[in-house]
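*Asks:* One file is attached below, my_file.cif, containing mmCIF, C-alpha atoms and all ligand atoms.
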```cif
data_data
loop_
_atom_site.label_atom_id
_atom_site.label_comp_id
_atom_site.auth_asym_id
_atom_site.auth_seq_id
_atom_site.Cartn_x
_atom_site.Cartn_y
_atom_site.Cartn_z
CA MET A 1 90.14 111.31 124.62
CA ILE A 2 89.71 108.56 122.04
CA CYS A 3 91.97 105.54 121.55
CA ALA A 4 93.51 106.92 118.34
CA ASP A 5 94.68 110.05 120.21
CA ALA A 6 95.88 107.95 123.12
CA ARG A 7 97.94 105.85 120.71
CA LEU A 8 99.61 108.96 119.26
CA LEU A 9 100.47 110.33 122.69
CA LEU A 10 101.48 106.97 124.13
CA HIS A 11 105.25 107.35 123.83
CA ALA A 12 105.26 110.91 125.07
CA TYR A 13 103.07 109.79 128.00
CA ILE A 14 105.40 106.95 128.94
CA ASP A 15 108.42 109.26 128.63
CA ASP A 16 106.66 111.81 130.82
CA GLU A 17 106.83 114.44 128.10
CA LEU A 18 103.19 115.54 128.11
CA ASP A 19 101.93 118.67 129.75
CA VAL A 20 99.80 118.33 132.88
CA ALA A 21 96.43 118.51 131.11
CA GLN A 22 97.30 115.92 128.46
CA SER A 23 99.01 113.67 130.95
CA ALA A 24 95.87 113.76 133.13
CA ALA A 25 93.68 113.07 130.08
CA MET A 26 95.87 110.10 129.17
CA ALA A 27 95.85 108.76 132.73
CA SER A 28 92.09 109.01 132.83
CA HIS A 29 91.69 107.31 129.44
CA VAL A 30 94.09 104.53 130.41
CA ARG A 31 92.14 103.98 133.62
CA ASP A 32 88.94 103.35 131.67
CA CYS A 33 90.25 101.70 128.52
CA THR A 34 91.55 98.16 128.79
CA ALA A 35 93.12 98.16 125.32
CA CYS A 36 95.15 101.32 125.92
CA ALA A 37 96.05 100.24 129.46
CA THR A 38 97.44 96.99 128.03
CA ARG A 39 99.41 98.96 125.44
CA VAL A 40 100.88 101.23 128.12
CA ARG A 41 101.78 98.22 130.28
CA GLU A 42 103.43 96.46 127.32
CA HIS A 43 105.54 99.51 126.48
CA GLU A 44 106.54 100.00 130.10
CA ARG A 45 107.47 96.35 130.39
CA LEU A 46 109.48 96.53 127.15
CA ARG A 47 111.30 99.63 128.33
CA HIS A 48 112.07 97.97 131.64
CA VAL A 49 113.30 94.78 129.98
CA LEU A 50 115.52 96.66 127.50
CA ALA A 51 117.14 98.57 130.35
CA GLN A 52 118.41 95.40 132.03
CA PRO A 53 122.21 95.51 132.37
CA GLU A 54 122.41 91.77 131.59
CA LEU A 55 121.49 92.60 127.99
CA TYR A 56 124.77 94.40 127.45
CA ARG A 57 127.70 92.17 126.56
CA HIS A 58 131.36 92.97 126.42
CA ALA A 59 133.05 91.83 123.25
CA PRO A 60 135.13 88.70 123.91
CA ALA A 61 138.88 89.15 123.99
CA ALA A 62 139.30 86.98 120.86
CA LEU A 63 137.08 89.33 118.86
CA ARG A 64 138.94 92.37 120.11
CA GLU A 65 142.18 90.71 119.08
CA HIS A 66 140.88 90.04 115.58
CA TRP A 67 139.95 93.68 115.18
CA THR A 68 143.17 95.14 116.58
CA PRO A 69 145.54 96.09 113.74
CA ARG A 70 148.65 93.93 113.94
CA HIS A 71 152.10 95.37 113.64
CA GLU A 72 154.00 94.28 110.53
CA SER A 73 157.00 93.00 112.52
CA VAL A 74 154.98 90.60 114.66
CA PRO A 75 155.61 87.09 113.36
CA PRO A 76 152.34 85.36 112.50
CA ALA A 77 153.26 82.42 114.72
CA THR A 78 152.85 84.56 117.85
CA ILE A 79 149.22 85.26 117.10
CA PRO A 80 147.09 82.49 118.50
CA ARG A 81 144.31 81.56 116.12
CA PRO A 82 141.40 79.49 117.28
CA ARG A 83 141.18 76.45 115.04
CA ARG A 84 137.58 77.10 114.02
CA ALA A 85 138.12 80.75 113.21
CA PRO A 86 137.90 80.41 109.38
CA ILE A 87 134.58 78.63 109.65
CA ALA A 88 133.32 81.16 112.17
CA TRP A 89 134.40 84.03 109.95
CA ALA A 90 132.87 82.42 106.89
CA ALA A 91 129.64 81.98 108.80
CA ALA A 92 129.78 85.59 109.97
CA ALA A 93 130.46 86.78 106.43
CA GLY A 94 127.59 84.67 105.15
CA PHE A 95 125.31 86.10 107.78
CA ALA A 96 126.38 89.68 107.00
CA GLY A 97 125.90 88.96 103.29
CA ALA A 98 122.44 87.59 103.99
CA LEU A 99 121.61 90.77 105.89
CA LEU A 100 122.87 92.96 103.06
CA LEU A 101 120.88 90.99 100.53
CA ALA A 102 117.81 90.71 102.69
CA THR A 103 117.48 94.35 103.68
CA PRO A 104 116.68 95.96 100.29
CA LEU A 105 114.58 92.94 99.39
CA TYR A 106 112.67 93.32 102.63
CA TYR A 107 111.91 96.94 101.87
CA ALA A 108 111.18 96.22 98.24
CA THR A 109 108.64 93.56 99.14
CA GLN A 110 106.92 95.66 101.80
CA PRO A 111 103.67 97.08 100.49
CA LEU A 112 104.38 100.78 99.93
CA ASN A 113 101.54 101.87 102.14
CA ALA A 114 102.51 99.72 105.08
CA ALA A 115 106.08 101.01 105.05
CA GLY A 116 104.95 104.58 104.44
CA ASP A 117 102.23 104.56 107.06
CA ALA A 118 104.66 103.71 109.84
CA LEU A 119 106.60 106.79 108.80
CA VAL A 120 103.42 108.87 108.74
CA ASP A 121 102.50 107.62 112.25
CA ASP A 122 105.96 108.46 113.49
CA ALA A 123 106.01 111.90 111.85
CA VAL A 124 102.60 112.87 113.23
CA SER A 125 103.58 111.57 116.67
CA SER A 126 106.79 113.54 116.60
CA HIS A 127 105.00 116.67 115.41
CA LEU A 128 102.46 116.30 118.25
CA ARG A 129 105.21 115.74 120.79
CA ALA A 130 106.99 118.82 119.52
CA LEU A 131 103.89 120.91 120.11
CA GLN A 132 104.15 120.22 123.84
CA PRO A 133 105.52 123.15 125.82
CA GLN A 134 109.33 123.35 125.73
CA HIS A 135 109.58 120.70 123.03
CA LEU A 136 109.15 122.68 119.84
CA MET A 137 112.65 123.96 119.19
CA ASP A 138 116.24 123.57 120.23
CA VAL A 139 117.29 126.60 118.22
CA VAL A 140 114.92 129.53 118.02
CA SER A 141 115.59 131.82 115.10
CA THR A 142 113.88 133.19 112.04
CA ASP A 143 117.24 133.35 110.28
CA GLN A 144 118.22 130.41 108.08
CA HIS A 145 121.87 131.43 108.53
CA THR A 146 121.52 130.80 112.27
CA VAL A 147 119.42 127.66 112.06
CA LYS A 148 121.48 125.81 109.44
CA PRO A 149 124.88 126.07 111.22
CA TRP A 150 123.23 125.06 114.49
CA PHE A 151 122.95 121.51 113.12
CA ASP A 152 126.70 121.34 112.38
CA GLY A 153 128.29 118.51 114.30
CA LYS A 154 124.92 117.31 115.58
CA LEU A 155 124.04 115.37 112.43
CA ASP A 156 126.16 113.64 109.82
CA PHE A 157 124.51 115.68 107.09
CA SER A 158 123.72 119.34 106.58
CA PRO A 159 119.99 120.04 106.25
CA ARG A 160 118.69 122.48 103.70
CA VAL A 161 117.10 125.44 105.38
CA VAL A 162 115.02 127.61 103.09
CA ASP A 163 113.73 131.08 103.91
CA LEU A 164 110.02 131.16 103.05
CA ALA A 165 109.01 134.23 105.04
CA GLY A 166 108.26 136.05 101.80
CA ALA A 167 105.79 133.31 100.86
CA GLY A 168 103.98 133.61 104.21
CA PHE A 169 105.71 130.71 105.96
CA PRO A 170 108.25 132.23 108.35
CA LEU A 171 110.92 129.96 109.78
CA VAL A 172 110.77 129.83 113.57
CA GLY A 173 113.54 127.41 114.44
CA GLY A 174 114.76 123.85 114.40
CA ARG A 175 115.53 120.88 116.55
CA LEU A 176 117.05 117.43 116.44
CA ASP A 177 114.50 114.66 116.25
CA ALA A 178 114.23 110.99 115.39
CA LEU A 179 111.97 109.24 112.92
CA GLU A 180 111.86 105.45 112.79
CA GLY A 181 115.05 105.30 114.79
CA ARG A 182 117.19 107.60 112.63
CA SER A 183 118.36 111.08 113.53
CA VAL A 184 116.68 113.75 111.46
CA ALA A 185 116.73 117.53 111.25
CA ALA A 186 113.37 119.05 112.14
CA LEU A 187 112.66 122.55 110.91
CA VAL A 188 109.76 124.49 112.28
CA TYR A 189 107.82 126.92 110.10
CA ARG A 190 104.66 128.83 110.84
CA ARG A 191 101.53 129.69 108.86
CA GLN A 192 99.48 132.13 110.91
CA ARG A 193 98.72 130.07 114.03
CA HIS A 194 99.64 126.73 112.55
CA ILE A 195 102.96 125.04 113.00
CA ILE A 196 104.57 123.11 110.14
CA SER A 197 107.27 120.56 110.94
CA VAL A 198 109.66 119.61 108.15
CA TYR A 199 111.87 116.54 108.69
CA GLU A 200 114.97 115.97 106.59
CA TRP A 201 117.45 113.12 106.33
CA PRO A 202 119.59 111.57 103.61
CA ALA A 203 117.77 109.08 101.41
CA THR A 204 119.27 105.67 100.78
CA THR A 205 119.50 104.40 97.22
CA ALA A 206 116.51 102.16 97.94
CA ASP A 207 114.49 105.31 98.68
CA ALA A 208 115.34 106.99 95.39
CA ASN A 209 112.73 108.24 92.95
CA ALA A 210 109.87 108.52 95.41
CA ALA A 211 107.25 110.88 94.10
CA GLN A 212 105.50 113.29 96.44
CA ARG A 213 102.86 111.48 98.47
CA GLU A 214 100.14 112.88 100.66
CA SER A 215 98.46 111.27 103.67
CA ARG A 216 95.97 112.44 106.26
CA GLN A 217 95.93 111.30 109.82
CA HIS A 218 93.92 112.66 112.76
CA GLY A 219 93.43 115.99 111.06
CA TYR A 220 97.10 116.31 110.12
CA THR A 221 98.34 116.38 106.57
CA VAL A 222 101.62 114.63 105.86
CA LEU A 223 103.51 115.22 102.61
CA ARG A 224 106.65 113.28 101.85
CA TRP A 225 109.05 113.35 98.95
CA ILE A 226 112.70 113.00 97.98
CA ASP A 227 114.76 115.77 96.39
CA ASP A 228 118.43 115.51 95.49
CA GLY A 229 119.04 112.51 97.71
CA MET A 230 117.27 113.97 100.73
CA HIS A 231 114.10 112.60 102.28
CA TYR A 232 111.57 115.24 103.35
CA VAL A 233 108.40 114.91 105.41
CA ALA A 234 106.16 117.90 106.14
CA VAL A 235 103.46 117.65 108.82
CA SER A 236 100.87 120.20 109.81
CA ASP A 237 97.25 120.76 110.73
CA VAL A 238 97.18 123.73 108.36
CA ASP A 239 94.76 123.56 105.43
CA PRO A 240 96.07 120.82 103.06
CA ALA A 241 96.10 123.26 100.12
CA ALA A 242 98.30 125.63 102.14
CA LEU A 243 100.66 122.81 103.04
CA ARG A 244 100.88 121.83 99.38
CA THR A 245 101.78 125.44 98.51
CA PHE A 246 104.35 125.45 101.30
CA VAL A 247 105.94 122.25 100.01
CA GLN A 248 105.94 123.56 96.47
CA ASP A 249 107.73 126.74 97.64
CA LEU A 250 110.11 124.73 99.78
CA ARG A 251 110.99 122.41 96.89
CA ARG A 252 111.49 125.33 94.55
CA GLY A 253 113.56 127.13 97.20
CA SER A 254 115.66 124.09 97.96
CA GLY A 255 116.09 123.50 94.24
CA SER A 256 117.48 126.96 93.63
CA SER A 257 119.70 127.00 96.73
CA ASP A 258 121.11 123.68 95.63
CA ALA A 259 122.07 124.91 92.14
CA ARG A 260 125.60 123.86 91.30
ZN ZN B 301 91.78 103.51 124.49
#
```
Would you mind writing the structure in this file as structure tokens?
Ligand SMILES: [Zn+2]
*Replies:*
Amino acid sequence: MICADARLLLHAYIDDELDVAQSAAMASHVRDCTACATRVREHERLRHVLAQPELYRHAPAALREHWTPRHESVPPATIPRPRRAPIAWAAAAGFAGALLLATPLYYATQPLNAAGDALVDDAVSSHLRALQPQHLMDVVSTDQHTVKPWFDGKLDFSPRVVDLAGAGFPLVGGRLDALEGRSVAALVYRRQRHIISVYEWPATTADANAAQRESRQHGYTVLRWIDDGMHYVAVSDVDPAALRTFVQDLRRGSGSSDAR
């Protein structure tokens, strides 16, 4: 195993999600590689630190009181107000405003590649993790009318599920997944012996108008694009030309199924 592979499998290794062979390969690599061993130790330490109960704070009673709707008939005099509340609230509002202003700016000023590559890393990692036994699918079905409703209530959006069996890319199922910390729908398609993962989630306005982009990483091709307010990422080790055809069919299919 080389360091690049170890890095991709790192999270699955720490979460004990690898199969026996890969877990043994990781353990052996980590034994011999100081850099990867350090990385594993850092992640384990971080996980341990984040799990400390002292990190979790109960909201103070005063905050709860501020957020509790007051009944109309309660005279204002009965509600104790800390003297510094207006300043505190102004500061909080200023802080929230700064966050709102800073977030799009932050993304806008990120070099496109840097922001995109983190997503590519995450998508390839997730795809690899999904290929582990028992991890590929939560719902196993070749029928889009079974797969699509399965997501109901599990996500706050309804993913588009397109039937591409006729184009040589049969649907095999779907699962819930996470990319960069957000919940996404993952659809699993097949091309002969290759698996194609398609991730979908609603785009924010800052994401709008992203053209289709293609990246390669560790033998995987990653295509990402936005259609009708939805972010899509397709990952596979299938021939890049085949993946491009798949995406073209998927976009055409999703376009027609979305006709209003
Ligand atoms: Zn290494």
*Asks:* Between atom CA of A:His43 and atom CA of A:Ala123, what is the distance in Å, rounded to a tenth?
*Replies:*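 Answer for the atom CA of A:His43 to atom CA of A:Ala123 separation: 19.2 Å.
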*Asks:* Give the residues close to ligand ZN 301 (chain B), within 8 Å, counting all atoms listed in the file; write them as a list in words.
*Replies:*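 The neighbouring residues of ligand ZN 301 (chain B) are, in order, Met1, Ile2, Cys3, Ala4, Ala6, Arg7, His29, Val30, Asp32, Cys33, Thr34, Ala35, Cys36 and Ala37 of chain A.
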*Asks:* I'd like the interatomic distance between atom CA of A:Leu223 and atom CA of A:Pro240, to a tenth of an Å.
*Replies:* 9.3 Å
*Asks:* Box along x, y and z, 6 Å on every side, all listed atoms of stretch 31-36 of chain A inside: centre and edge lengths in Å to one decimal, as AutoDock Vina command-line options.
*Replies:*
```
--center_x 92.0 --center_y 101.1 --center_z 129.5 --size_x 18.2 --size_y 17.8 --size_z 20.3
```
*Asks:* Give me the residues near A:Lys154 as a ChimeraX atom specification, where near means some atom within 10 Å (using only C-alpha atoms) and where sequence neighbours in that chain fewer than 5 positions away do not count.
*Replies:* /A:149,176,183-185
*Asks:* Place a sphere of radius 9 Å on (112.7, 115.7, 97.4) in the file coordinates and name every protein, DNA or RNA residue with an atom inside or on its surface, counting only C-alpha atoms; give the answer as a ChimeraX atom specification.
*Replies:* /A:209-212,224-232,251,254
*Asks:* Would you put the residues from that selection into a file with C-alpha atoms, as an mmCIF file, in the frame of the given file?
*Replies:*
```cif
data_model
loop_
_atom_site.group_PDB
_atom_site.id
_atom_site.type_symbol
_atom_site.label_atom_id
_atom_site.label_comp_id
_atom_site.auth_asym_id
_atom_site.auth_seq_id
_atom_site.Cartn_x
_atom_site.Cartn_y
_atom_site.Cartn_z
ATOM 1 C CA ASN A 209 112.730 108.240 92.950
ATOM 2 C CA ALA A 210 109.870 108.520 95.410
ATOM 3 C CA ALA A 211 107.250 110.880 94.100
ATOM 4 C CA GLN A 212 105.500 113.290 96.440
ATOM 5 C CA ARG A 224 106.650 113.280 101.850
ATOM 6 C CA TRP A 225 109.050 113.350 98.950
ATOM 7 C CA ILE A 226 112.700 113.000 97.980
ATOM 8 C CA ASP A 227 114.760 115.770 96.390
ATOM 9 C CA ASP A 228 118.430 115.510 95.490
ATOM 10 C CA GLY A 229 119.040 112.510 97.710
ATOM 11 C CA MET A 230 117.270 113.970 100.730
ATOM 12 C CA HIS A 231 114.100 112.600 102.280
ATOM 13 C CA TYR A 232 111.570 115.240 103.350
ATOM 14 C CA ARG A 251 110.990 122.410 96.890
ATOM 15 C CA SER A 254 115.660 124.090 97.960
#
```
*Asks:* Which of these residues is nearest to A:Asp249, using only C-alpha atoms: A:Val124, A:Leu164, A:Arg175, A:Glu180?
*Replies:* A:Leu164
*Asks:* Have a look at atom CA of A:Asp19 and atom CA of A:Leu50 and let me know their distance in Å, one decimal.
*Replies:*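 About the pair atom CA of A:Asp19 and atom CA of A:Leu50: they are 26.0 Å apart.
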*Asks:* Which residue, A:Ala51, A:Leu250, A:Leu9, A:Ala203, has the smallest gap to A:Phe169 when you use only C-alpha atoms?
*Replies:*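 Of all the options, A:Leu250 lies closest to A:Phe169.
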*Asks:* Can you work out which one of A:Glu65, A:Asp156, A:Asp5, A:Asp163 has the shortest atom-to-atom distance to A:Phe246, counting only C-alpha atoms?
*Replies:*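 Of all the options, A:Asp163 lies closest to A:Phe246.
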*Asks:* Tell me, as a PDB file with C-alpha atoms, in the coordinates of the input, which residues lie within 7 Å of A:Pro170, counting all atoms listed in the file; anything in the same chain fewer than 4 positions away does not count.
*Replies:*
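Saved the output as part-v6.pdb:
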```pdb
ATOM      1  CA  THR A 142     113.880 133.190 112.040  1.00  0.00           C
ATOM      2  CA  LEU A 164     110.020 131.160 103.050  1.00  0.00           C
ATOM      3  CA  ALA A 165     109.010 134.230 105.040  1.00  0.00           C
ATOM      4  CA  TYR A 189     107.820 126.920 110.100  1.00  0.00           C
ATOM      5  CA  ARG A 190     104.660 128.830 110.840  1.00  0.00           C
TER       6      ARG A 190
END
```
*Asks:* Name the closest residue to A:Ala234 among the candidates A:Gln192, A:Gln132, A:Ser126, A:Ser141; distances are taken between atoms, counting all atoms listed in the file.
*Replies:* A:Ser126
